[in-house]
Amino acid sequence: MQLPQLLQTNLRLPPAKAAEVSTLFRRDTLVKGEHFLRQGQVVRKLGFLLQGHLRCWAPAGDKDITQWIFTPEYLVADLNCLLFAAPARWNIEALEPSVLATLPEENYLRMSAYVPNWEVLEKQFLGRCFSTLEDRVFNFLSLSARERYEALREWRPELFEQVPLHYLASMLGMTPETLSRIRK
């Protein structure tokens, strides 16, 4: 999907406005292991992943916890950093060569000048993001490890071929060994 269509779908912009707003984005490429954002940075930017996979993670004690795997067409941001200019809580790193359409901070801060009802559209989009997060938390609290695996397998089966399994295990809240047993 092209950037104007992603803006139409995700931010509910009309086609002409989506085309105009898409000119505010820049094309960024990341090599495997390169960061879109590092924990502790204060950079108010967001992007749409056009190609590749990104891992959102943070260290926890002696291990790294994968919070999310971004797939093409997803919005990429640390919302705490984006919305509140607070230090990023997450590292967002390319798992493979990746391409993003990135809205730099200065353009993000001027969005209301380009989109008169930006505050409403942004609020609706963030509400959908929050709802997704609530669903994810509920699933962690209510589903067994096997059920979480099956739900991810049903929702995004391609991840099991495209992303290292130890990252998926971490995202699912289990050890790689548990994921291997479940997969058998």
# chains A, B, ... in the order shown; residues from 1 in each chain; ligands from 1
$ residues_around --residues "range 135-143 of chain A" --least-positions-apart "3" --cutoff "12 Å" --atoms "only C-alpha atoms" --output "PyMOL selection string"
chain A and resi 67-68+128-132+146-152+171-174
$ residues_around --residues "Glu20 in chain A" --least-positions-apart "3" --cutoff "12 Å" --atoms "only C-alpha atoms" --output "CSV table (one decimal) with N, CA and C atoms, in the first residue's frame"
chain,number,residue,atom,x,y,z
A,3,LEU,N,1.8,5.3,0.6
A,3,LEU,CA,1.6,6.2,1.8
A,3,LEU,C,0.3,7.0,1.8
A,4,PRO,N,-0.1,7.6,0.7
A,4,PRO,CA,-1.4,8.3,0.7
A,4,PRO,C,-2.6,7.3,1.1
A,5,GLN,N,-2.5,6.1,0.7
A,5,GLN,CA,-3.6,5.1,1.1
A,5,GLN,C,-3.5,4.8,2.5
A,7,LEU,N,-2.4,6.8,4.9
A,7,LEU,CA,-2.9,7.9,5.6
A,7,LEU,C,-4.4,8.0,5.5
A,8,GLN,N,-5.0,7.6,4.4
A,8,GLN,CA,-6.5,7.5,4.3
A,8,GLN,C,-7.0,6.5,5.3
A,13,LEU,N,-8.0,10.4,6.4
A,13,LEU,CA,-7.9,11.6,5.6
A,13,LEU,C,-8.5,11.4,4.3
A,14,PRO,N,-9.2,12.4,3.7
A,14,PRO,CA,-9.7,12.3,2.4
A,14,PRO,C,-8.6,12.2,1.4
A,15,PRO,N,-8.8,11.6,0.2
A,15,PRO,CA,-7.7,11.3,-0.7
A,15,PRO,C,-6.8,12.5,-1.1
A,16,ALA,N,-7.4,13.7,-1.4
A,16,ALA,CA,-6.6,14.8,-1.8
A,16,ALA,C,-5.7,15.3,-0.6
A,17,LYS,N,-6.3,15.3,0.6
A,17,LYS,CA,-5.5,15.7,1.8
A,17,LYS,C,-4.4,14.7,2.1
A,23,THR,N,3.4,14.4,1.3
A,23,THR,CA,4.6,15.2,0.9
A,23,THR,C,5.4,15.6,2.2
A,24,LEU,N,4.9,15.6,3.4
A,24,LEU,CA,5.6,16.0,4.6
A,24,LEU,C,6.4,14.9,5.1
A,25,PHE,N,6.3,13.7,4.6
A,25,PHE,CA,7.0,12.5,5.0
A,25,PHE,C,8.3,12.4,4.2
A,111,MET,N,1.2,19.6,12.0
A,111,MET,CA,0.1,18.9,11.3
A,111,MET,C,-1.2,19.6,11.4
A,114,TYR,N,-1.8,21.8,8.5
A,114,TYR,CA,-2.1,21.1,7.2
A,114,TYR,C,-3.5,20.4,7.2
A,115,VAL,N,-3.9,20.0,8.4
A,115,VAL,CA,-5.1,19.2,8.5
A,115,VAL,C,-6.0,19.9,9.6
$ select_by_dssp --residues "chain A" --states "strand (DSSP E or B)" --output "MDAnalysis selection string"
chainID A and resid 26:30 35:37 46:51 54:60 63:70 75:76 91:94 98:103
$ closest_residue --among "A:Val43, A:Leu109, A:Leu165, A:Leu50" --to "Asp78 in chain A" --atoms "only C-alpha atoms"
A:Val43
$ closest_residue --among "A:Arg27, A:Ala94, A:His166, A:Thr9" --to "Glu73 in chain A" --atoms "only C-alpha atoms"
A:Thr9
$ residues_around --residues "Gln162 in chain A" --least-positions-apart "5" --cutoff "12 Å" --atoms "only C-alpha atoms" --output "ChimeraX atom specification"
/A:52-54,69-71,95-96,156-157,167-168
$ decode --residues "range 29-70 of chain A" --atoms "N, CA and C atoms" --output "PDB file, in the first residue's frame"
ATOM      1  N   THR A  29      15.545   4.525   4.947  1.00  0.00           N
ATOM      2  CA  THR A  29      15.885   3.107   4.857  1.00  0.00           C
ATOM      3  C   THR A  29      16.752   2.756   6.058  1.00  0.00           C
ATOM      4  N   LEU A  30      16.524   1.574   6.581  1.00  0.00           N
ATOM      5  CA  LEU A  30      17.310   1.058   7.699  1.00  0.00           C
ATOM      6  C   LEU A  30      17.929  -0.255   7.274  1.00  0.00           C
ATOM      7  N   VAL A  31      19.169  -0.463   7.631  1.00  0.00           N
ATOM      8  CA  VAL A  31      19.793  -1.762   7.420  1.00  0.00           C
ATOM      9  C   VAL A  31      19.494  -2.625   8.646  1.00  0.00           C
ATOM     10  N   LYS A  32      19.666  -3.917   8.503  1.00  0.00           N
ATOM     11  CA  LYS A  32      19.428  -4.823   9.621  1.00  0.00           C
ATOM     12  C   LYS A  32      20.245  -4.366  10.833  1.00  0.00           C
ATOM     13  N   GLY A  33      19.564  -4.244  11.982  1.00  0.00           N
ATOM     14  CA  GLY A  33      20.217  -3.835  13.223  1.00  0.00           C
ATOM     15  C   GLY A  33      20.220  -2.334  13.466  1.00  0.00           C
ATOM     16  N   GLU A  34      19.870  -1.545  12.459  1.00  0.00           N
ATOM     17  CA  GLU A  34      19.835  -0.093  12.633  1.00  0.00           C
ATOM     18  C   GLU A  34      18.557   0.296  13.370  1.00  0.00           C
ATOM     19  N   HIS A  35      18.642   1.358  14.150  1.00  0.00           N
ATOM     20  CA  HIS A  35      17.513   1.790  14.978  1.00  0.00           C
ATOM     21  C   HIS A  35      16.716   2.920  14.333  1.00  0.00           C
ATOM     22  N   PHE A  36      15.413   2.794  14.393  1.00  0.00           N
ATOM     23  CA  PHE A  36      14.496   3.900  14.093  1.00  0.00           C
ATOM     24  C   PHE A  36      14.468   4.837  15.288  1.00  0.00           C
ATOM     25  N   LEU A  37      14.539   4.260  16.486  1.00  0.00           N
ATOM     26  CA  LEU A  37      14.507   5.012  17.734  1.00  0.00           C
ATOM     27  C   LEU A  37      15.222   4.193  18.800  1.00  0.00           C
ATOM     28  N   ARG A  38      15.971   4.894  19.650  1.00  0.00           N
ATOM     29  CA  ARG A  38      16.656   4.228  20.763  1.00  0.00           C
ATOM     30  C   ARG A  38      16.038   4.667  22.086  1.00  0.00           C
ATOM     31  N   GLN A  39      15.992   3.713  23.009  1.00  0.00           N
ATOM     32  CA  GLN A  39      15.480   3.995  24.345  1.00  0.00           C
ATOM     33  C   GLN A  39      16.241   5.187  24.923  1.00  0.00           C
ATOM     34  N   GLY A  40      15.490   6.142  25.498  1.00  0.00           N
ATOM     35  CA  GLY A  40      16.089   7.321  26.107  1.00  0.00           C
ATOM     36  C   GLY A  40      16.135   8.536  25.187  1.00  0.00           C
ATOM     37  N   GLN A  41      16.030   8.330  23.877  1.00  0.00           N
ATOM     38  CA  GLN A  41      16.000   9.469  22.958  1.00  0.00           C
ATOM     39  C   GLN A  41      14.697  10.243  23.130  1.00  0.00           C
ATOM     40  N   VAL A  42      14.745  11.520  22.841  1.00  0.00           N
ATOM     41  CA  VAL A  42      13.534  12.326  22.801  1.00  0.00           C
ATOM     42  C   VAL A  42      13.434  12.856  21.370  1.00  0.00           C
ATOM     43  N   VAL A  43      12.771  12.098  20.535  1.00  0.00           N
ATOM     44  CA  VAL A  43      12.586  12.452  19.131  1.00  0.00           C
ATOM     45  C   VAL A  43      11.129  12.197  18.798  1.00  0.00           C
ATOM     46  N   ARG A  44      10.404  13.255  18.537  1.00  0.00           N
ATOM     47  CA  ARG A  44       8.969  13.139  18.251  1.00  0.00           C
ATOM     48  C   ARG A  44       8.797  12.869  16.762  1.00  0.00           C
ATOM     49  N   LYS A  45       8.869  11.610  16.406  1.00  0.00           N
ATOM     50  CA  LYS A  45       8.670  11.241  15.010  1.00  0.00           C
ATOM     51  C   LYS A  45       7.823   9.986  14.947  1.00  0.00           C
ATOM     52  N   LEU A  46       7.196   9.832  13.820  1.00  0.00           N
ATOM     53  CA  LEU A  46       6.441   8.614  13.570  1.00  0.00           C
ATOM     54  C   LEU A  46       6.705   8.203  12.137  1.00  0.00           C
ATOM     55  N   GLY A  47       6.428   6.972  11.856  1.00  0.00           N
ATOM     56  CA  GLY A  47       6.625   6.480  10.500  1.00  0.00           C
ATOM     57  C   GLY A  47       5.611   5.404  10.183  1.00  0.00           C
ATOM     58  N   PHE A  48       5.461   5.166   8.913  1.00  0.00           N
ATOM     59  CA  PHE A  48       4.705   4.013   8.452  1.00  0.00           C
ATOM     60  C   PHE A  48       5.711   3.074   7.821  1.00  0.00           C
ATOM     61  N   LEU A  49       5.692   1.833   8.257  1.00  0.00           N
ATOM     62  CA  LEU A  49       6.603   0.842   7.713  1.00  0.00           C
ATOM     63  C   LEU A  49       6.090   0.414   6.344  1.00  0.00           C
ATOM     64  N   LEU A  50       6.920   0.595   5.340  1.00  0.00           N
ATOM     65  CA  LEU A  50       6.536   0.243   3.972  1.00  0.00           C
ATOM     66  C   LEU A  50       7.066  -1.121   3.574  1.00  0.00           C
ATOM     67  N   GLN A  51       8.216  -1.473   4.129  1.00  0.00           N
ATOM     68  CA  GLN A  51       8.843  -2.752   3.769  1.00  0.00           C
ATOM     69  C   GLN A  51       9.737  -3.198   4.924  1.00  0.00           C
ATOM     70  N   GLY A  52       9.728  -4.496   5.222  1.00  0.00           N
ATOM     71  CA  GLY A  52      10.580  -5.044   6.258  1.00  0.00           C
ATOM     72  C   GLY A  52       9.830  -5.294   7.559  1.00  0.00           C
ATOM     73  N   HIS A  53      10.597  -5.582   8.594  1.00  0.00           N
ATOM     74  CA  HIS A  53      10.060  -5.816   9.939  1.00  0.00           C
ATOM     75  C   HIS A  53      10.931  -5.085  10.948  1.00  0.00           C
ATOM     76  N   LEU A  54      10.278  -4.472  11.931  1.00  0.00           N
ATOM     77  CA  LEU A  54      10.980  -3.794  13.013  1.00  0.00           C
ATOM     78  C   LEU A  54      10.581  -4.433  14.329  1.00  0.00           C
ATOM     79  N   ARG A  55      11.515  -4.464  15.230  1.00  0.00           N
ATOM     80  CA  ARG A  55      11.266  -5.015  16.558  1.00  0.00           C
ATOM     81  C   ARG A  55      11.267  -3.882  17.575  1.00  0.00           C
ATOM     82  N   CYS A  56      10.240  -3.833  18.391  1.00  0.00           N
ATOM     83  CA  CYS A  56      10.140  -2.872  19.482  1.00  0.00           C
ATOM     84  C   CYS A  56      10.494  -3.640  20.755  1.00  0.00           C
ATOM     85  N   TRP A  57      11.546  -3.225  21.453  1.00  0.00           N
ATOM     86  CA  TRP A  57      12.017  -4.001  22.591  1.00  0.00           C
ATOM     87  C   TRP A  57      12.669  -3.093  23.638  1.00  0.00           C
ATOM     88  N   ALA A  58      12.834  -3.661  24.820  1.00  0.00           N
ATOM     89  CA  ALA A  58      13.541  -2.989  25.910  1.00  0.00           C
ATOM     90  C   ALA A  58      14.237  -4.042  26.759  1.00  0.00           C
ATOM     91  N   PRO A  59      15.372  -3.682  27.332  1.00  0.00           N
ATOM     92  CA  PRO A  59      16.028  -4.616  28.245  1.00  0.00           C
ATOM     93  C   PRO A  59      15.249  -4.711  29.552  1.00  0.00           C
ATOM     94  N   ALA A  60      15.252  -5.905  30.120  1.00  0.00           N
ATOM     95  CA  ALA A  60      14.625  -6.145  31.422  1.00  0.00           C
ATOM     96  C   ALA A  60      15.520  -7.123  32.167  1.00  0.00           C
ATOM     97  N   GLY A  61      16.292  -6.601  33.075  1.00  0.00           N
ATOM     98  CA  GLY A  61      17.238  -7.461  33.793  1.00  0.00           C
ATOM     99  C   GLY A  61      18.291  -7.980  32.828  1.00  0.00           C
ATOM    100  N   ASP A  62      18.417  -9.308  32.796  1.00  0.00           N
ATOM    101  CA  ASP A  62      19.450  -9.912  31.945  1.00  0.00           C
ATOM    102  C   ASP A  62      18.913 -10.363  30.589  1.00  0.00           C
ATOM    103  N   LYS A  63      17.702  -9.925  30.236  1.00  0.00           N
ATOM    104  CA  LYS A  63      17.161 -10.309  28.929  1.00  0.00           C
ATOM    105  C   LYS A  63      16.480  -9.119  28.276  1.00  0.00           C
ATOM    106  N   ASP A  64      16.222  -9.271  26.995  1.00  0.00           N
ATOM    107  CA  ASP A  64      15.491  -8.262  26.241  1.00  0.00           C
ATOM    108  C   ASP A  64      14.063  -8.747  26.038  1.00  0.00           C
ATOM    109  N   ILE A  65      13.113  -7.847  26.197  1.00  0.00           N
ATOM    110  CA  ILE A  65      11.702  -8.180  26.030  1.00  0.00           C
ATOM    111  C   ILE A  65      11.195  -7.528  24.745  1.00  0.00           C
ATOM    112  N   THR A  66      10.664  -8.348  23.862  1.00  0.00           N
ATOM    113  CA  THR A  66      10.070  -7.837  22.632  1.00  0.00           C
ATOM    114  C   THR A  66       8.633  -7.451  22.931  1.00  0.00           C
ATOM    115  N   GLN A  67       8.337  -6.178  22.764  1.00  0.00           N
ATOM    116  CA  GLN A  67       6.995  -5.674  23.028  1.00  0.00           C
ATOM    117  C   GLN A  67       6.112  -5.848  21.797  1.00  0.00           C
ATOM    118  N   TRP A  68       6.690  -5.673  20.601  1.00  0.00           N
ATOM    119  CA  TRP A  68       5.898  -5.726  19.375  1.00  0.00           C
ATOM    120  C   TRP A  68       6.797  -5.955  18.179  1.00  0.00           C
ATOM    121  N   ILE A  69       6.257  -6.566  17.151  1.00  0.00           N
ATOM    122  CA  ILE A  69       6.918  -6.674  15.849  1.00  0.00           C
ATOM    123  C   ILE A  69       6.086  -5.854  14.872  1.00  0.00           C
ATOM    124  N   PHE A  70       6.691  -4.824  14.318  1.00  0.00           N
ATOM    125  CA  PHE A  70       6.000  -4.009  13.316  1.00  0.00           C
ATOM    126  C   PHE A  70       6.132  -4.688  11.962  1.00  0.00           C
TER     127      PHE A  70
END
